[in-house]
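Dumped protein-v5.txt below, it's compact mmCIF, N, CA and C atoms:
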# COMPACT_ATOMS: atom_id res chain seq x y z
N GLN B 108 33.83 -2.41 13.02
CA GLN B 108 34.77 -3.09 13.90
C GLN B 108 35.51 -2.11 14.80
N MET B 109 35.70 -0.88 14.30
CA MET B 109 36.47 0.09 15.07
C MET B 109 35.67 0.68 16.23
N ALA B 110 34.36 0.75 16.10
CA ALA B 110 33.54 1.34 17.16
C ALA B 110 32.22 0.57 17.27
N PRO B 111 32.26 -0.64 17.78
CA PRO B 111 31.05 -1.47 17.82
C PRO B 111 29.95 -0.89 18.71
N GLU B 112 30.29 0.06 19.59
CA GLU B 112 29.29 0.65 20.47
C GLU B 112 28.42 1.69 19.76
N ILE B 113 28.79 2.09 18.57
CA ILE B 113 28.02 3.08 17.81
C ILE B 113 26.98 2.36 16.97
N PRO B 114 25.69 2.67 17.18
CA PRO B 114 24.64 2.02 16.37
C PRO B 114 24.80 2.38 14.89
N ARG B 115 24.39 1.45 14.06
CA ARG B 115 24.50 1.64 12.61
C ARG B 115 23.12 1.74 11.99
N ALA B 116 23.09 2.39 10.85
CA ALA B 116 21.89 2.38 10.01
C ALA B 116 22.31 1.73 8.70
N TYR B 117 21.67 0.62 8.39
CA TYR B 117 21.97 -0.10 7.15
C TYR B 117 21.07 0.46 6.05
N ILE B 118 21.68 0.95 4.99
CA ILE B 118 20.94 1.52 3.87
C ILE B 118 20.73 0.42 2.85
N VAL B 119 19.45 0.22 2.49
CA VAL B 119 19.09 -0.89 1.60
C VAL B 119 18.42 -0.33 0.35
N GLU B 120 19.02 -0.62 -0.79
CA GLU B 120 18.45 -0.16 -2.05
C GLU B 120 18.15 -1.29 -3.02
N SER B 121 18.26 -2.54 -2.54
CA SER B 121 17.91 -3.68 -3.40
C SER B 121 17.27 -4.78 -2.56
N ASP B 122 16.37 -5.51 -3.20
CA ASP B 122 15.67 -6.60 -2.53
C ASP B 122 16.63 -7.62 -1.92
N THR B 123 17.71 -7.90 -2.61
CA THR B 123 18.61 -8.96 -2.17
C THR B 123 19.36 -8.60 -0.88
N ARG B 124 19.47 -7.33 -0.58
CA ARG B 124 20.22 -6.91 0.61
C ARG B 124 19.36 -6.76 1.85
N LEU B 125 18.03 -6.74 1.67
CA LEU B 125 17.13 -6.48 2.80
C LEU B 125 17.23 -7.54 3.90
N PRO B 126 17.17 -8.83 3.59
CA PRO B 126 17.23 -9.82 4.67
C PRO B 126 18.49 -9.69 5.53
N GLU B 127 19.64 -9.53 4.91
CA GLU B 127 20.89 -9.41 5.65
C GLU B 127 20.91 -8.16 6.52
N ALA B 128 20.44 -7.04 5.97
CA ALA B 128 20.43 -5.79 6.74
C ALA B 128 19.52 -5.91 7.96
N LEU B 129 18.34 -6.51 7.79
CA LEU B 129 17.43 -6.68 8.92
C LEU B 129 18.04 -7.60 9.97
N GLU B 130 18.70 -8.66 9.53
CA GLU B 130 19.34 -9.60 10.46
C GLU B 130 20.45 -8.91 11.25
N LYS B 131 21.29 -8.14 10.56
CA LYS B 131 22.38 -7.44 11.24
C LYS B 131 21.84 -6.42 12.23
N ALA B 132 20.85 -5.65 11.81
CA ALA B 132 20.29 -4.62 12.70
C ALA B 132 19.63 -5.25 13.92
N ALA B 133 18.99 -6.38 13.75
CA ALA B 133 18.35 -7.07 14.88
C ALA B 133 19.39 -7.55 15.89
N ALA B 134 20.57 -7.88 15.40
CA ALA B 134 21.63 -8.40 16.27
C ALA B 134 22.43 -7.30 16.96
N GLU B 135 22.27 -6.06 16.50
CA GLU B 135 23.06 -4.95 17.03
C GLU B 135 22.12 -3.94 17.69
N GLU B 136 22.11 -3.90 18.99
CA GLU B 136 21.21 -3.03 19.73
C GLU B 136 21.32 -1.58 19.24
N GLY B 137 20.17 -0.98 18.97
CA GLY B 137 20.13 0.41 18.56
C GLY B 137 20.32 0.63 17.07
N SER B 138 20.64 -0.41 16.32
CA SER B 138 20.85 -0.26 14.88
C SER B 138 19.51 -0.20 14.16
N SER B 139 19.53 0.32 12.95
CA SER B 139 18.31 0.48 12.18
C SER B 139 18.56 0.15 10.72
N VAL B 140 17.46 0.16 9.97
CA VAL B 140 17.52 -0.08 8.53
C VAL B 140 16.79 1.06 7.84
N ALA B 141 17.43 1.64 6.84
CA ALA B 141 16.81 2.65 5.99
C ALA B 141 16.66 2.02 4.62
N VAL B 142 15.42 1.82 4.19
CA VAL B 142 15.15 1.05 2.98
C VAL B 142 14.45 1.93 1.94
N ALA B 143 14.83 1.76 0.69
CA ALA B 143 14.15 2.47 -0.40
C ALA B 143 12.68 2.05 -0.40
N ILE B 144 11.79 2.99 -0.65
CA ILE B 144 10.36 2.71 -0.57
C ILE B 144 9.96 1.58 -1.53
N GLY B 145 10.53 1.52 -2.70
CA GLY B 145 10.19 0.45 -3.64
C GLY B 145 10.54 -0.92 -3.11
N VAL B 146 11.67 -1.02 -2.40
CA VAL B 146 12.09 -2.28 -1.80
C VAL B 146 11.14 -2.65 -0.66
N ALA B 147 10.78 -1.68 0.14
CA ALA B 147 9.84 -1.94 1.25
C ALA B 147 8.49 -2.41 0.71
N LEU B 148 7.99 -1.74 -0.31
CA LEU B 148 6.67 -2.10 -0.86
C LEU B 148 6.69 -3.47 -1.51
N ALA B 149 7.83 -3.88 -2.06
CA ALA B 149 7.94 -5.18 -2.70
C ALA B 149 8.16 -6.31 -1.69
N ASN B 150 8.49 -5.96 -0.45
CA ASN B 150 8.83 -6.96 0.57
C ASN B 150 8.14 -6.68 1.90
N PRO B 151 6.82 -6.51 1.91
CA PRO B 151 6.16 -6.13 3.16
C PRO B 151 6.32 -7.16 4.27
N GLY B 152 6.38 -8.42 3.94
CA GLY B 152 6.55 -9.45 4.96
C GLY B 152 7.87 -9.33 5.68
N LEU B 153 8.93 -9.07 4.93
CA LEU B 153 10.26 -8.90 5.54
C LEU B 153 10.29 -7.65 6.41
N VAL B 154 9.69 -6.57 5.93
CA VAL B 154 9.66 -5.33 6.71
C VAL B 154 8.91 -5.56 8.01
N ARG B 155 7.75 -6.19 7.93
CA ARG B 155 6.97 -6.47 9.15
C ARG B 155 7.75 -7.35 10.12
N ALA B 156 8.43 -8.35 9.59
CA ALA B 156 9.23 -9.24 10.44
C ALA B 156 10.34 -8.46 11.14
N GLY B 157 10.98 -7.55 10.42
CA GLY B 157 12.01 -6.72 11.03
C GLY B 157 11.44 -5.84 12.13
N LEU B 158 10.31 -5.23 11.86
CA LEU B 158 9.67 -4.39 12.87
C LEU B 158 9.27 -5.21 14.09
N GLU B 159 8.77 -6.42 13.87
CA GLU B 159 8.39 -7.29 14.99
C GLU B 159 9.60 -7.73 15.79
N ALA B 160 10.78 -7.72 15.16
CA ALA B 160 12.03 -8.05 15.86
C ALA B 160 12.65 -6.80 16.50
N ASP B 161 11.86 -5.72 16.57
CA ASP B 161 12.29 -4.45 17.17
C ASP B 161 13.40 -3.75 16.40
N VAL B 162 13.45 -3.97 15.09
CA VAL B 162 14.36 -3.21 14.25
C VAL B 162 13.64 -1.93 13.83
N ASP B 163 14.31 -0.81 14.02
CA ASP B 163 13.77 0.47 13.59
C ASP B 163 13.94 0.55 12.07
N VAL B 164 12.82 0.60 11.35
CA VAL B 164 12.85 0.64 9.89
C VAL B 164 12.31 1.99 9.43
N ALA B 165 13.11 2.67 8.65
CA ALA B 165 12.71 3.93 8.02
C ALA B 165 12.74 3.72 6.51
N THR B 166 12.09 4.59 5.76
CA THR B 166 12.10 4.43 4.31
C THR B 166 12.31 5.77 3.62
N TRP B 167 12.80 5.68 2.39
CA TRP B 167 13.12 6.85 1.57
C TRP B 167 12.85 6.53 0.13
N THR B 168 12.75 7.30 -0.75
CA THR B 168 12.26 8.65 -0.76
C THR B 168 10.76 8.56 -1.02
N VAL B 169 9.98 8.92 -0.04
CA VAL B 169 8.53 8.78 -0.07
C VAL B 169 7.94 10.15 -0.41
N ASP B 170 7.55 10.31 -1.66
CA ASP B 170 7.01 11.60 -2.10
C ASP B 170 5.51 11.58 -2.35
N GLU B 171 4.91 10.40 -2.33
CA GLU B 171 3.48 10.29 -2.57
C GLU B 171 2.75 9.78 -1.33
N PRO B 172 1.63 10.39 -1.00
CA PRO B 172 0.85 9.92 0.14
C PRO B 172 0.48 8.44 0.05
N SER B 173 0.24 7.94 -1.15
CA SER B 173 -0.11 6.53 -1.29
C SER B 173 1.05 5.63 -0.85
N GLU B 174 2.28 6.04 -1.12
CA GLU B 174 3.45 5.29 -0.67
C GLU B 174 3.57 5.37 0.86
N ALA B 175 3.34 6.55 1.39
CA ALA B 175 3.41 6.72 2.84
C ALA B 175 2.35 5.87 3.53
N GLU B 176 1.17 5.84 2.98
CA GLU B 176 0.09 5.04 3.57
C GLU B 176 0.43 3.56 3.53
N ALA B 177 0.97 3.09 2.42
CA ALA B 177 1.36 1.68 2.32
C ALA B 177 2.45 1.36 3.33
N GLY B 178 3.42 2.24 3.49
CA GLY B 178 4.46 2.05 4.50
C GLY B 178 3.89 2.07 5.90
N ARG B 179 2.99 2.98 6.15
CA ARG B 179 2.34 3.07 7.47
C ARG B 179 1.58 1.79 7.79
N GLU B 180 0.91 1.23 6.79
CA GLU B 180 0.18 -0.02 7.01
C GLU B 180 1.11 -1.17 7.36
N MET B 181 2.36 -1.09 6.91
CA MET B 181 3.37 -2.11 7.26
C MET B 181 3.92 -1.90 8.66
N GLY B 182 3.77 -0.68 9.17
CA GLY B 182 4.30 -0.36 10.49
C GLY B 182 5.44 0.64 10.47
N ILE B 183 5.83 1.10 9.29
CA ILE B 183 6.90 2.09 9.17
C ILE B 183 6.36 3.43 9.65
N ARG B 184 7.16 4.12 10.47
CA ARG B 184 6.74 5.40 11.03
C ARG B 184 7.69 6.55 10.70
N ARG B 185 8.76 6.25 9.97
CA ARG B 185 9.71 7.31 9.61
C ARG B 185 9.93 7.29 8.10
N PHE B 186 9.75 8.45 7.50
CA PHE B 186 9.86 8.60 6.06
C PHE B 186 10.79 9.77 5.73
N THR B 187 11.59 9.61 4.70
CA THR B 187 12.35 10.71 4.13
C THR B 187 11.64 11.10 2.84
N THR B 188 11.46 12.41 2.64
CA THR B 188 10.69 12.88 1.50
C THR B 188 11.27 14.16 0.92
N ASN B 189 10.97 14.39 -0.35
CA ASN B 189 11.25 15.67 -1.00
C ASN B 189 10.01 16.55 -1.00
N GLU B 190 8.88 15.95 -0.65
CA GLU B 190 7.57 16.62 -0.71
C GLU B 190 7.01 16.79 0.71
N VAL B 191 7.69 17.60 1.50
CA VAL B 191 7.34 17.76 2.91
C VAL B 191 5.90 18.24 3.07
N GLU B 192 5.52 19.28 2.38
CA GLU B 192 4.16 19.83 2.54
C GLU B 192 3.09 18.80 2.18
N LYS B 193 3.33 18.07 1.11
CA LYS B 193 2.36 17.05 0.67
C LYS B 193 2.21 15.96 1.73
N LEU B 194 3.32 15.50 2.30
CA LEU B 194 3.22 14.44 3.30
C LEU B 194 2.71 14.96 4.63
N LEU B 195 3.00 16.21 4.95
CA LEU B 195 2.42 16.77 6.17
C LEU B 195 0.90 16.88 6.04
N ALA B 196 0.44 17.27 4.88
CA ALA B 196 -1.01 17.33 4.66
C ALA B 196 -1.63 15.94 4.78
N TRP B 197 -0.96 14.94 4.24
CA TRP B 197 -1.45 13.55 4.37
C TRP B 197 -1.49 13.18 5.86
N ARG B 198 -0.39 13.41 6.57
CA ARG B 198 -0.31 13.06 7.99
C ARG B 198 -1.38 13.78 8.80
N ASP B 199 -1.61 15.04 8.51
CA ASP B 199 -2.60 15.81 9.26
C ASP B 199 -4.02 15.32 9.00
N GLY B 200 -4.22 14.61 7.91
CA GLY B 200 -5.53 14.08 7.59
C GLY B 200 -5.79 12.69 8.15
N LEU B 201 -4.79 12.12 8.84
CA LEU B 201 -4.95 10.78 9.41
C LEU B 201 -5.90 10.84 10.61
N PRO B 202 -6.64 9.74 10.80
CA PRO B 202 -7.53 9.69 11.98
C PRO B 202 -6.77 9.64 13.28
Step by step, read the file and then write its structure as C-alpha cells.
Amino acid sequence: QMAPEIPRAYIVESDTRLPEALEKAAAEEGSSVAVAIGVALANPGLVRAGLEADVDVATWTVDEPSEAEAGREMGIRRFTTNEVEKLLAWRDGLP
C-alpha cells in the first residue's frame, strides 16, 4: 500500500496460496510469483495458467535436472538452485 508502483514477487510455499498469488501478480503489472518447486510440480495447470496470463513465474530450490526439466516443460524459465554446475550442465545439454 505504501509503494504500489514497486512490482512485487509473491513467494509461494504451499498449494493453497498459489491461486491467490497468481491472481494478485496478474493484476499488478510487473509483479511475479516465486514458487517452491514441489508446489509447481503438484500444480502444473495453475502454473501454466499463470504463465499464459503473462505472470512471470520462477521456482526454487531446483537442484535436480529432472525437476528443472519438468519446470521447463510447464514454461518456467527461471530457477533458483544450490547446484549451479549441475543445472548448467543440464542447460548446456538442451537442444
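Of the residues in chain B, those that DSSP places in strand (DSSP E or B) on the basis of the backbone are Ala116, Tyr117, Ile118, Val119, Ser139, Val140, Ala141, Val142, Ala143, Asp163, Val164, Ala165, Thr166, Trp167, Arg185 and Phe186 of chain B.
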Checklist entry - Can you list, as a ChimeraX atom specification, every residue of chain B that DSSP puts in helix (DSSP H, G or I)? => result /B:122-134,144-149,151-159,172-181,191-199
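Nearest to Ala132 in chain B of all the residues B:Pro202, B:Ala160, B:Ile183, B:Trp167 is B:Ala160, counting only N, CA and C atoms.
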Item to check | Residue nearest Thr187 in chain B - candidates B:Met109, B:Ala175, B:Thr168, B:Pro126, atoms counted: all atoms listed in the file | outcome: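 When distances to Thr187 in chain B are compared using all atoms listed in the file, the smallest one comes from B:Thr168.
Counting only C-alpha atoms, Leu153 in chain B has the following residues at most 12 Å away, ignoring those fewer than 6 positions along the same chain: Asp122, Thr123, Arg124, Leu125, Pro126, Glu127, Ala128, Leu129, Glu130, Val140, Val142, Val146, Ala147, Glu159, Ala160, Val162, Val164, Met181 and Gly182 of chain B.
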